[in-house]
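I have placed the structure first, in the form of structure tokens, so that the comments after it can refer back to it.
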Amino acid sequence: MKLFISPASPFARKCRIVVREKGLLPHVQEITADPYADDPGLLQANPIAQVPALQFDDGHWMSDSSLICAFLDSLSGEPRLLPEPAGPVAHGHWGVRWRETLADAALEMAVKLVLENRRPETERSPLWLARWTAGLHRTLDRIEAQASLDSDTLDLGTIALGVVGPYLDLRQPALRWREAHPGLAALCDRLELRPSFIDTRPG
Ligand SMILES: N[C@@H](CCC(=O)N[C@@H](CS)C(=O)NCC(=O)O)C(=O)O
């Protein structure tokens with residue numbers, strides 16, 4: 001399998017962490033591609049032109065980090081990062097997916113802010129910048145209040161939350177998110193000590 005990534009992409013990082021946690025590194029070739037440069041290899045693997053993308057030897061492909069992570073998790077047994085779909089909404093499968101979705105939403109808004117701020121100043125939309133900034137703050141507040149940040153269980157929700165902080169540190173240092181979100185900051189700092197996180201630090 002080929003996994004198209006870019007070193008700074010938090011969505012690709014989720015998949016790269018899962019590859020390592022599941023011991024799948026010997027079976028996955030990571031290919032660095034710039035999703036903003038019409039990279040021919042990436043376009044062939046994924047018409048949506050986003051990283052991450054997973055390409056199989058028979059030509060099949062998958063996009064979207066959430067789908068790719070769930071697929072990678074299904075390839076081997078322990079550690080199980082996504083429990084079977086059963087149980088109450090706040091726990092187990094649905095709780096994990098809910099926390100992953102919250103983390104992904106924060107990342108989507110953070111990435112949009114980065115892209116908008118890369119445009120010439122006269123072309124930036126104050127309306128969208130304000131909307132995404134407010135949405136990011138609201139989502140981080142909700143994560144801090146409700147996302148079970150003190151759990152030691154490693155799952156797809158925890159991994160997704162764990163990549164939010166380092167991405168904000170890298171791309172949104174002015175946001176000073178740590179002060180208002182100590183639970184998320186502590187979770188991210190704990191996870192950054194794991195080999196899978198060390199090996200995939202954004203840069
Ligand atoms: N929902 C997607 C988002 C992926 C995404 O936005 N990737 C960015 C890089 S961080 C990208 O490839 N952007 C290129 C583009 O949207 O044209 C996922 O979870 O994989």
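Numbering starts fresh at 1 for the residues of each chain in the structure tokens, the chains themselves are lettered A, B, ... in the order given, and ligands are numbered from 1 as they appear.
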Give me every helix (DSSP H, G or I) residue in stretch 2-203 of chain A, going by DSSP on the backbone, as a PyMOL selection string.
chain A and resi 10-21+25-27+40-45+65-74+92-118+121-123+126-146+156-171+173-175+177-180+182-191+195-198
Would you write out those residues with C-alpha atoms, as a short mmCIF file (atom, residue, chain, number, x, y, z; two decimals), in the first residue's frame?
data_model
loop_
_atom_site.label_atom_id
_atom_site.label_comp_id
_atom_site.auth_asym_id
_atom_site.auth_seq_id
_atom_site.Cartn_x
_atom_site.Cartn_y
_atom_site.Cartn_z
CA PRO A 10 -2.28 16.75 10.65
CA PHE A 11 -4.73 14.51 8.77
CA ALA A 12 -1.87 12.53 7.24
CA ARG A 13 -0.22 12.42 10.65
CA LYS A 14 -3.25 10.64 12.15
CA CYS A 15 -2.80 7.85 9.58
CA ARG A 16 0.98 7.71 10.02
CA ILE A 17 0.54 7.31 13.79
CA VAL A 18 -1.98 4.50 13.27
CA VAL A 19 0.41 2.76 10.84
CA ARG A 20 3.08 2.78 13.55
CA GLU A 21 0.83 1.87 16.48
CA LEU A 25 5.11 0.11 8.71
CA PRO A 26 6.59 -2.82 6.72
CA HIS A 27 3.43 -2.92 4.59
CA PRO A 40 0.83 13.79 -10.62
CA GLY A 41 1.27 10.74 -8.35
CA LEU A 42 -1.20 12.09 -5.83
CA LEU A 43 -3.71 13.11 -8.50
CA GLN A 44 -3.58 9.61 -9.93
CA ALA A 45 -4.11 8.07 -6.49
CA SER A 65 -8.08 10.27 7.30
CA SER A 66 -11.03 8.96 9.27
CA LEU A 67 -11.81 6.25 6.71
CA ILE A 68 -8.15 5.37 6.22
CA CYS A 69 -7.52 5.11 9.98
CA ALA A 70 -10.54 2.84 10.46
CA PHE A 71 -9.40 0.67 7.55
CA LEU A 72 -5.83 0.42 8.88
CA ASP A 73 -7.19 -0.47 12.31
CA SER A 74 -9.16 -3.34 10.77
CA GLY A 92 -17.02 2.86 22.93
CA HIS A 93 -17.22 3.11 19.13
CA TRP A 94 -19.47 6.18 19.00
CA GLY A 95 -17.55 8.02 21.70
CA VAL A 96 -14.28 7.39 19.85
CA ARG A 97 -15.74 8.55 16.54
CA TRP A 98 -17.31 11.61 18.18
CA ARG A 99 -13.97 12.67 19.65
CA GLU A 100 -12.24 12.05 16.30
CA THR A 101 -14.89 14.15 14.54
CA LEU A 102 -14.46 17.01 17.01
CA ALA A 103 -10.68 16.92 16.52
CA ASP A 104 -11.07 16.78 12.72
CA ALA A 105 -13.43 19.76 12.82
CA ALA A 106 -10.87 21.79 14.77
CA LEU A 107 -8.20 20.76 12.27
CA GLU A 108 -10.37 21.63 9.25
CA MET A 109 -10.89 25.16 10.57
CA ALA A 110 -7.21 25.55 11.49
CA VAL A 111 -6.13 24.40 8.00
CA LYS A 112 -8.61 26.78 6.33
CA LEU A 113 -7.23 29.66 8.41
CA VAL A 114 -3.69 28.79 7.35
CA LEU A 115 -4.68 28.67 3.66
CA GLU A 116 -6.66 31.90 3.78
CA ASN A 117 -3.79 33.68 5.52
CA ARG A 118 -1.42 32.54 2.77
CA GLU A 121 -3.70 40.36 2.23
CA THR A 122 -6.05 42.24 -0.09
CA GLU A 123 -7.70 38.98 -1.19
CA PRO A 126 -12.34 38.92 6.95
CA LEU A 127 -15.73 37.23 7.13
CA TRP A 128 -14.35 33.70 6.68
CA LEU A 129 -11.32 34.37 8.88
CA ALA A 130 -13.59 35.54 11.70
CA ARG A 131 -16.01 32.63 11.22
CA TRP A 132 -13.30 29.94 11.22
CA THR A 133 -11.49 31.55 14.16
CA ALA A 134 -14.69 31.62 16.22
CA GLY A 135 -15.53 28.06 15.19
CA LEU A 136 -12.07 26.85 16.14
CA HIS A 137 -12.31 28.49 19.58
CA ARG A 138 -15.77 27.04 20.18
CA THR A 139 -14.64 23.55 19.14
CA LEU A 140 -11.51 23.68 21.33
CA ASP A 141 -13.67 24.81 24.27
CA ARG A 142 -16.04 21.89 23.72
CA ILE A 143 -13.12 19.45 23.46
CA GLU A 144 -11.74 20.79 26.72
CA ALA A 145 -15.10 20.46 28.47
CA GLN A 146 -16.35 17.13 27.15
CA LEU A 156 -8.65 6.93 17.06
CA GLY A 157 -10.28 9.73 19.05
CA THR A 158 -7.28 10.18 21.32
CA ILE A 159 -4.89 10.09 18.36
CA ALA A 160 -6.89 12.71 16.46
CA LEU A 161 -7.04 14.98 19.51
CA GLY A 162 -3.31 14.42 20.01
CA VAL A 163 -2.41 15.88 16.63
CA VAL A 164 -4.53 19.03 17.10
CA GLY A 165 -2.21 20.70 19.63
CA PRO A 166 1.09 20.25 17.79
CA TYR A 167 -0.53 21.48 14.55
CA LEU A 168 -1.79 24.63 16.31
CA ASP A 169 1.64 25.12 17.90
CA LEU A 170 3.23 24.89 14.45
CA ARG A 171 0.78 26.91 12.37
CA PRO A 173 1.26 30.11 17.57
CA ALA A 174 -0.59 33.42 18.01
CA LEU A 175 -3.71 31.54 19.08
CA TRP A 177 -4.63 27.81 22.79
CA ARG A 178 -2.77 26.09 25.64
CA GLU A 179 -3.71 28.58 28.36
CA ALA A 180 -7.46 28.09 27.98
CA PRO A 182 -4.93 22.76 29.84
CA GLY A 183 -6.55 19.32 29.56
CA LEU A 184 -5.97 19.15 25.80
CA ALA A 185 -2.45 20.53 26.22
CA ALA A 186 -1.61 17.84 28.81
CA LEU A 187 -3.01 15.08 26.57
CA CYS A 188 -1.00 16.32 23.59
CA ASP A 189 2.19 16.58 25.65
CA ARG A 190 1.72 13.02 26.99
CA LEU A 191 1.14 11.62 23.51
CA PRO A 195 7.49 6.72 19.49
CA SER A 196 4.66 6.93 16.91
CA PHE A 197 4.20 10.62 17.67
CA ILE A 198 7.94 11.35 17.89
#
With only C-alpha atoms and all ligand atoms as the atoms that count, which of A:Thr153, A:Leu81, A:Pro202, A:Lys22 lies nearest to ligand 1?
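Distance minimum relative to ligand 1 lands on A:Pro202.
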Members of chain A assigned strand (DSSP E) by DSSP, as a PyMOL selection string:
chain A and resi 2-5+29-32+53-55+61-63
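Taking atom CA of A:Met62 and atom CA of A:Leu154 as endpoints, the distance between them is 23.6 Å.
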A:His60, A:Gly23, A:Leu193, A:Ile5: which is nearest A:Ser76, counting only C-alpha atoms?
A:Gly23
What's around A:Ser6 at 9 Å? Count only C-alpha atoms, leave out sequence neighbours fewer than 5 positions away in its own chain, and write the answer as number ranges by chain.
A: 12-13, 31-35, 51-52
Have a look at A:Asp39, A:Glu30, A:Asp64, A:Asp58 and name the one nearest to ligand 1; count only C-alpha atoms and all ligand atoms.
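The answer is A:Asp64, which sits nearest to ligand 1.
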Using only C-alpha atoms and all ligand atoms, which of the listed residues (A:Leu24, A:Leu3, A:Ala53, A:Ala147) sits closest to ligand 1?
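The shortest atom-to-atom distance to ligand 1 comes from A:Ala53.
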Can you tell me how far atom 8 (C, counted along the ligand's line) of ligand 1 sits from atom CA of A:Gln50, in Å to one decimal?
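Straight-line distance from atom 8 (C, counted along the ligand's line) of ligand 1 to atom CA of A:Gln50 works out to 5.2 Å.
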